[in-house]
Amino acid sequence: ETGVTQTPRHLVMGMTNKKSLKCEQHLGHNAMYWYKQSAKKPLELMFVYNFKEQTENNSVPSRFSPECPNSSHLFLHLHTLQPEDSALYLCASSQESVTGGGGYTFGSGTRLTVV
Amino acid sequence: AQSVTQLGSHVSVSEGALVLLRCNYSSSVPPYLFWYVQYPNQGLQLLLKYTSAATLVKGINGFEAEFKKSETSFHLTKPSAHMSDAAEYFCAVSPAGGTSYGKLTFGQGTILTVHP
């Protein structure tokens, strides 16, 4: 399998549940990202990892907890979410270098609904 | 600091007509620029990118974009729209050179509708 794969594609969870989103990339990239896409809002960068180290956390609430065990896998652990957290969560990867400009490869996303 | 403005949240064209989606950027350093397309319930797919080579960039599906530094623009065009082009399009900017981890900034998106 190639590209960036996200599972599950759809997730419905209650506000007291704990669930995890998974992202896997088979491109040999060294950076991975979580984005949140809500209706009528710009894409929001949540977390950035390069070489497995978190380099950016854009003031994301602690009910979202990322994990990057290796450069190919990225998780987003969810607990005690709110209805306003319902959105499409997108994972992306890129091969970053000092010259930049690689662009991102996105997964198909997980459509999360919090009830 | 960098930002992207996409003029027009919705654009509607007839099949066979010219597609023009506008993007203006603001960047304190020379930028790299990207256009992505998103079909319903899918992730974003890279259409084309400008990385300081030719200013006219050709991408997939017949799209192209021209980098105009004097106008700080990177508008996306296609000579003849197809029904399959209906989607949401995002312009994005990142700094040229240096590590750019997490520094891809997206515009708000433009929804393209194509009428028969």
# chains A, B, ... in the order shown; residues from 1 in each chain; ligands from 1

$ select_by_dssp --residues "chain A" --states "strand (DSSP E)" --output "MDAnalysis selection string"
chainID A and resid 4:7 10:13 18:25 31:37 44:50 53:57 64:70 73:79 87:94 105:106 110:114

$ residues_around --residues "Lys49 in chain B" --least-positions-apart "4" --cutoff "9 Å" --atoms "only C-alpha atoms" --output "PyMOL selection string"
(chain A and resi 101-103) or (chain B and resi 32-36+57-59+65)

$ residues_around --residues "Asn50 in chain A" --least-positions-apart "4" --cutoff "8 Å" --atoms "only C-alpha atoms" --output "PDB file with N, CA, C and O atoms, in the first residue's frame"
ATOM      1  N   ASN A  30       9.689  12.308   6.492  1.00  0.00           N
ATOM      2  CA  ASN A  30      10.238  12.509   7.832  1.00  0.00           C
ATOM      3  C   ASN A  30       9.405  13.450   8.704  1.00  0.00           C
ATOM      4  O   ASN A  30       9.781  13.739   9.835  1.00  0.00           O
ATOM      5  N   ALA A  31       8.290  13.954   8.194  1.00  0.00           N
ATOM      6  CA  ALA A  31       7.437  14.835   8.980  1.00  0.00           C
ATOM      7  C   ALA A  31       5.981  14.415   8.819  1.00  0.00           C
ATOM      8  O   ALA A  31       5.568  13.993   7.737  1.00  0.00           O
ATOM      9  N   MET A  32       5.216  14.535   9.911  1.00  0.00           N
ATOM     10  CA  MET A  32       3.798  14.186   9.876  1.00  0.00           C
ATOM     11  C   MET A  32       2.996  15.238  10.630  1.00  0.00           C
ATOM     12  O   MET A  32       3.517  15.885  11.554  1.00  0.00           O
ATOM     13  N   GLN A  54       7.811  15.982  18.486  1.00  0.00           N
ATOM     14  CA  GLN A  54       6.799  17.006  18.293  1.00  0.00           C
ATOM     15  C   GLN A  54       7.458  18.370  18.241  1.00  0.00           C
ATOM     16  O   GLN A  54       8.207  18.744  19.154  1.00  0.00           O
ATOM     17  N   THR A  55       7.214  19.101  17.162  1.00  0.00           N
ATOM     18  CA  THR A  55       7.825  20.411  17.017  1.00  0.00           C
ATOM     19  C   THR A  55       6.816  21.542  17.107  1.00  0.00           C
ATOM     20  O   THR A  55       7.205  22.694  17.202  1.00  0.00           O
ATOM     21  N   SER A  71       8.598   7.227  12.537  1.00  0.00           N
ATOM     22  CA  SER A  71       8.360   8.228  11.488  1.00  0.00           C
ATOM     23  C   SER A  71       7.280   7.816  10.502  1.00  0.00           C
ATOM     24  O   SER A  71       6.896   8.602   9.648  1.00  0.00           O
TER      25      SER A  71
ATOM     26  N   TYR B 101       8.935  22.739   8.461  1.00  0.00           N
ATOM     27  CA  TYR B 101       8.010  21.881   9.171  1.00  0.00           C
ATOM     28  C   TYR B 101       6.843  22.681   9.710  1.00  0.00           C
ATOM     29  O   TYR B 101       7.014  23.647  10.431  1.00  0.00           O
TER      30      TYR B 101
END

$ closest_atom_pairs --of "range 9-106 of chain A" --to "range 68-91 of chain B" --cutoff "12 Å" --atoms "only C-alpha atoms" --output "tab-separated table"
residue	atom	partner	partner_atom	distance
A:Lys40	CA	B:Glu88	CA	11.8
A:Pro42	CA	B:Phe90	CA	9.5
A:Leu43	CA	B:Phe90	CA	9.5
A:Gly103	CA	B:Cys91	CA	11.7

$ closest_atom_pairs --of "chain A" --to "chain B" --cutoff "9 Å" --atoms "only C-alpha atoms" --output "tab-separated table"
residue	atom	partner	partner_atom	distance
A:Ala31	CA	B:Tyr101	CA	7.1
A:Met32	CA	B:Gly102	CA	8.6
A:Tyr33	CA	B:Gly102	CA	7.3
A:Lys40	CA	B:Gln108	CA	8.3
A:Lys41	CA	B:Gln108	CA	6.9
A:Pro42	CA	B:Gln108	CA	4.7
A:Leu43	CA	B:Phe106	CA	6.6
A:Glu44	CA	B:Phe106	CA	8.7
A:Leu45	CA	B:Gly102	CA	7.7
A:Phe47	CA	B:Gly102	CA	8.0
A:Val48	CA	B:Gly102	CA	5.7
A:Tyr49	CA	B:Tyr101	CA	8.0
A:Asn50	CA	B:Tyr101	CA	7.2
A:Thr55	CA	B:Tyr101	CA	8.0
A:Glu56	CA	B:Gly102	CA	7.2
A:Leu88	CA	B:Asn41	CA	8.3
A:Leu90	CA	B:Gly43	CA	6.7
A:Cys91	CA	B:Gly43	CA	8.5
A:Ala92	CA	B:Gly43	CA	9.0
A:Ser94	CA	B:Tyr101	CA	8.5
A:Glu96	CA	B:Thr99	CA	6.7
A:Ser97	CA	B:Thr99	CA	6.1
A:Val98	CA	B:Gly98	CA	4.4
A:Thr99	CA	B:Gly97	CA	4.2
A:Gly100	CA	B:Gly97	CA	5.2
A:Gly101	CA	B:Tyr32	CA	6.0
A:Gly102	CA	B:Thr51	CA	8.8
A:Gly103	CA	B:Phe34	CA	7.4
A:Tyr104	CA	B:Leu46	CA	7.6
A:Thr105	CA	B:Gln45	CA	7.0
A:Phe106	CA	B:Gly43	CA	5.6
A:Gly107	CA	B:Gly43	CA	5.4
A:Ser108	CA	B:Gly43	CA	4.0
A:Gly109	CA	B:Gly43	CA	5.7
A:Thr110	CA	B:Asn41	CA	8.9
A:Arg111	CA	B:Asn41	CA	8.0

$ write_last_selection --atoms "C-alpha atoms" --output "PDB file, in the first residue's frame"
ATOM      1  CA  ALA A  31       7.437  14.835   8.980  1.00  0.00           C
ATOM      2  CA  MET A  32       3.798  14.186   9.876  1.00  0.00           C
ATOM      3  CA  TYR A  33       0.918  16.488  10.720  1.00  0.00           C
ATOM      4  CA  LYS A  40     -16.890  26.958   7.034  1.00  0.00           C
ATOM      5  CA  LYS A  41     -13.489  27.276   8.759  1.00  0.00           C
ATOM      6  CA  PRO A  42      -9.939  27.228   7.407  1.00  0.00           C
ATOM      7  CA  LEU A  43      -7.793  24.172   7.894  1.00  0.00           C
ATOM      8  CA  GLU A  44      -6.361  24.255  11.416  1.00  0.00           C
ATOM      9  CA  LEU A  45      -2.923  22.834  12.044  1.00  0.00           C
ATOM     10  CA  PHE A  47       0.349  19.089  15.686  1.00  0.00           C
ATOM     11  CA  VAL A  48       3.610  18.694  13.809  1.00  0.00           C
ATOM     12  CA  TYR A  49       6.127  15.892  14.194  1.00  0.00           C
ATOM     13  CA  ASN A  50       9.473  15.610  12.489  1.00  0.00           C
ATOM     14  CA  THR A  55       7.825  20.411  17.017  1.00  0.00           C
ATOM     15  CA  GLU A  56       4.550  22.260  17.123  1.00  0.00           C
ATOM     16  CA  LEU A  88     -12.812  15.937   9.509  1.00  0.00           C
ATOM     17  CA  LEU A  90      -6.675  15.000   8.287  1.00  0.00           C
ATOM     18  CA  CYS A  91      -3.233  13.510   8.549  1.00  0.00           C
ATOM     19  CA  ALA A  92      -0.446  14.596   6.216  1.00  0.00           C
ATOM     20  CA  SER A  94       6.091  15.508   3.914  1.00  0.00           C
ATOM     21  CA  GLU A  96      11.350  18.180   4.633  1.00  0.00           C
ATOM     22  CA  SER A  97      14.801  19.394   3.827  1.00  0.00           C
ATOM     23  CA  VAL A  98      16.741  22.606   4.065  1.00  0.00           C
ATOM     24  CA  THR A  99      15.406  23.603   0.665  1.00  0.00           C
ATOM     25  CA  GLY A 100      11.794  22.993   1.645  1.00  0.00           C
ATOM     26  CA  GLY A 101       9.054  23.014  -0.966  1.00  0.00           C
ATOM     27  CA  GLY A 102       8.129  19.369  -0.773  1.00  0.00           C
ATOM     28  CA  GLY A 103       4.444  19.887  -0.264  1.00  0.00           C
ATOM     29  CA  TYR A 104       2.266  17.614   1.811  1.00  0.00           C
ATOM     30  CA  THR A 105       0.601  14.295   1.023  1.00  0.00           C
ATOM     31  CA  PHE A 106      -2.748  13.976   2.765  1.00  0.00           C
ATOM     32  CA  GLY A 107      -4.735  10.993   3.897  1.00  0.00           C
ATOM     33  CA  SER A 108      -8.458  10.735   3.201  1.00  0.00           C
ATOM     34  CA  GLY A 109      -9.333  11.814   6.710  1.00  0.00           C
ATOM     35  CA  THR A 110     -11.449  10.548   9.595  1.00  0.00           C
ATOM     36  CA  ARG A 111     -14.938  12.030   9.848  1.00  0.00           C
TER      37      ARG A 111
END

$ atom_distance --atom1 "CA of Lys18 in chain A" --atom2 "CA of His79 in chain A"
4.5 Å

$ residues_around --residues "Phe64 in chain A" --least-positions-apart "5" --cutoff "8 Å" --atoms "only C-alpha atoms" --output "number ranges by chain"
A: 76-79

$ decode --residues "range 41-57 of chain B" --atoms "all heavy atoms" --output "compact mmCIF listing (two decimals), in the first residue's frame"
# COMPACT_ATOMS: atom_id res chain seq x y z
N ASN B 41 -15.54 14.40 1.11
CA ASN B 41 -15.15 13.32 2.00
C ASN B 41 -13.80 12.70 1.66
O ASN B 41 -13.57 11.51 1.91
CB ASN B 41 -16.24 12.23 2.04
CG ASN B 41 -17.53 12.77 2.61
OD1 ASN B 41 -17.54 13.41 3.65
ND2 ASN B 41 -18.63 12.54 1.92
N GLN B 42 -12.95 13.49 1.08
CA GLN B 42 -11.59 13.04 0.76
C GLN B 42 -10.57 13.98 1.38
O GLN B 42 -10.92 15.08 1.85
CB GLN B 42 -11.37 13.01 -0.76
CG GLN B 42 -12.25 11.99 -1.48
CD GLN B 42 -11.85 10.57 -1.15
OE1 GLN B 42 -10.67 10.24 -1.04
NE2 GLN B 42 -12.84 9.71 -0.97
N GLY B 43 -9.32 13.57 1.38
CA GLY B 43 -8.24 14.46 1.79
C GLY B 43 -7.88 15.41 0.67
O GLY B 43 -8.51 15.44 -0.38
N LEU B 44 -6.85 16.20 0.89
CA LEU B 44 -6.39 17.15 -0.11
C LEU B 44 -5.37 16.50 -1.03
O LEU B 44 -4.48 15.77 -0.57
CB LEU B 44 -5.76 18.38 0.57
CG LEU B 44 -6.70 19.44 1.10
CD1 LEU B 44 -7.52 18.95 2.27
CD2 LEU B 44 -5.91 20.69 1.49
N GLN B 45 -5.47 16.81 -2.31
CA GLN B 45 -4.55 16.26 -3.31
C GLN B 45 -3.79 17.42 -3.95
O GLN B 45 -4.39 18.41 -4.36
CB GLN B 45 -5.36 15.50 -4.37
CG GLN B 45 -4.50 14.90 -5.48
CD GLN B 45 -5.35 14.26 -6.57
OE1 GLN B 45 -6.58 14.27 -6.52
NE2 GLN B 45 -4.69 13.68 -7.55
N LEU B 46 -2.48 17.27 -4.05
CA LEU B 46 -1.66 18.33 -4.64
C LEU B 46 -1.93 18.44 -6.14
O LEU B 46 -1.82 17.47 -6.88
CB LEU B 46 -0.18 18.03 -4.40
CG LEU B 46 0.80 19.06 -4.92
CD1 LEU B 46 0.64 20.39 -4.19
CD2 LEU B 46 2.24 18.55 -4.77
N LEU B 47 -2.28 19.65 -6.58
CA LEU B 47 -2.51 19.92 -8.01
C LEU B 47 -1.22 20.37 -8.68
O LEU B 47 -0.89 19.93 -9.77
CB LEU B 47 -3.53 21.04 -8.18
CG LEU B 47 -5.02 20.71 -8.28
CD1 LEU B 47 -5.80 22.00 -8.40
CD2 LEU B 47 -5.30 19.78 -9.43
N LEU B 48 -0.55 21.32 -8.04
CA LEU B 48 0.69 21.86 -8.60
C LEU B 48 1.39 22.68 -7.52
O LEU B 48 0.79 23.01 -6.50
CB LEU B 48 0.41 22.74 -9.83
CG LEU B 48 -0.67 23.82 -9.73
CD1 LEU B 48 -0.18 25.05 -9.02
CD2 LEU B 48 -1.18 24.18 -11.13
N LYS B 49 2.68 22.98 -7.80
CA LYS B 49 3.43 23.80 -6.85
C LYS B 49 4.45 24.67 -7.57
O LYS B 49 4.98 24.29 -8.63
CB LYS B 49 4.13 22.94 -5.81
CG LYS B 49 5.16 21.96 -6.38
CD LYS B 49 5.76 21.13 -5.24
CE LYS B 49 6.80 20.14 -5.79
NZ LYS B 49 7.39 19.31 -4.70
N TYR B 50 4.72 25.81 -7.00
CA TYR B 50 5.76 26.71 -7.47
C TYR B 50 6.89 26.70 -6.44
O TYR B 50 6.66 27.00 -5.26
CB TYR B 50 5.21 28.13 -7.61
CG TYR B 50 6.30 29.15 -7.75
CD1 TYR B 50 6.99 29.31 -8.95
CD2 TYR B 50 6.68 29.94 -6.67
CE1 TYR B 50 8.02 30.22 -9.06
CE2 TYR B 50 7.69 30.86 -6.78
CZ TYR B 50 8.37 30.99 -7.97
OH TYR B 50 9.39 31.90 -8.08
N THR B 51 8.10 26.36 -6.92
CA THR B 51 9.24 26.33 -5.99
C THR B 51 10.42 27.06 -6.59
O THR B 51 11.55 26.57 -6.57
CB THR B 51 9.62 24.88 -5.64
OG1 THR B 51 9.86 24.17 -6.88
CG2 THR B 51 8.53 24.19 -4.87
N SER B 52 10.16 28.23 -7.15
CA SER B 52 11.15 29.20 -7.65
C SER B 52 11.84 28.76 -8.94
O SER B 52 12.90 29.25 -9.24
CB SER B 52 12.19 29.53 -6.57
OG SER B 52 13.05 28.44 -6.36
N ALA B 53 11.24 27.88 -9.69
CA ALA B 53 11.75 27.56 -11.02
C ALA B 53 10.91 28.38 -12.01
O ALA B 53 10.80 29.59 -11.86
CB ALA B 53 11.67 26.06 -11.29
N ALA B 54 10.30 27.78 -13.00
CA ALA B 54 9.47 28.51 -13.95
C ALA B 54 8.27 29.14 -13.25
O ALA B 54 7.67 28.53 -12.37
CB ALA B 54 8.99 27.56 -15.06
N THR B 55 7.95 30.35 -13.64
CA THR B 55 6.82 31.04 -12.99
C THR B 55 5.47 30.51 -13.44
O THR B 55 4.48 30.67 -12.73
CB THR B 55 6.87 32.55 -13.27
OG1 THR B 55 6.88 32.76 -14.68
CG2 THR B 55 8.12 33.17 -12.65
N LEU B 56 5.41 29.88 -14.61
CA LEU B 56 4.17 29.25 -15.06
C LEU B 56 4.29 27.76 -14.77
O LEU B 56 5.16 27.09 -15.30
CB LEU B 56 3.94 29.48 -16.55
CG LEU B 56 2.65 28.89 -17.13
CD1 LEU B 56 1.43 29.50 -16.46
CD2 LEU B 56 2.60 29.08 -18.64
N VAL B 57 3.41 27.30 -13.91
CA VAL B 57 3.50 25.92 -13.44
C VAL B 57 2.31 25.13 -13.97
O VAL B 57 1.16 25.58 -13.86
CB VAL B 57 3.49 25.87 -11.90
CG1 VAL B 57 3.60 24.44 -11.42
CG2 VAL B 57 4.61 26.72 -11.34
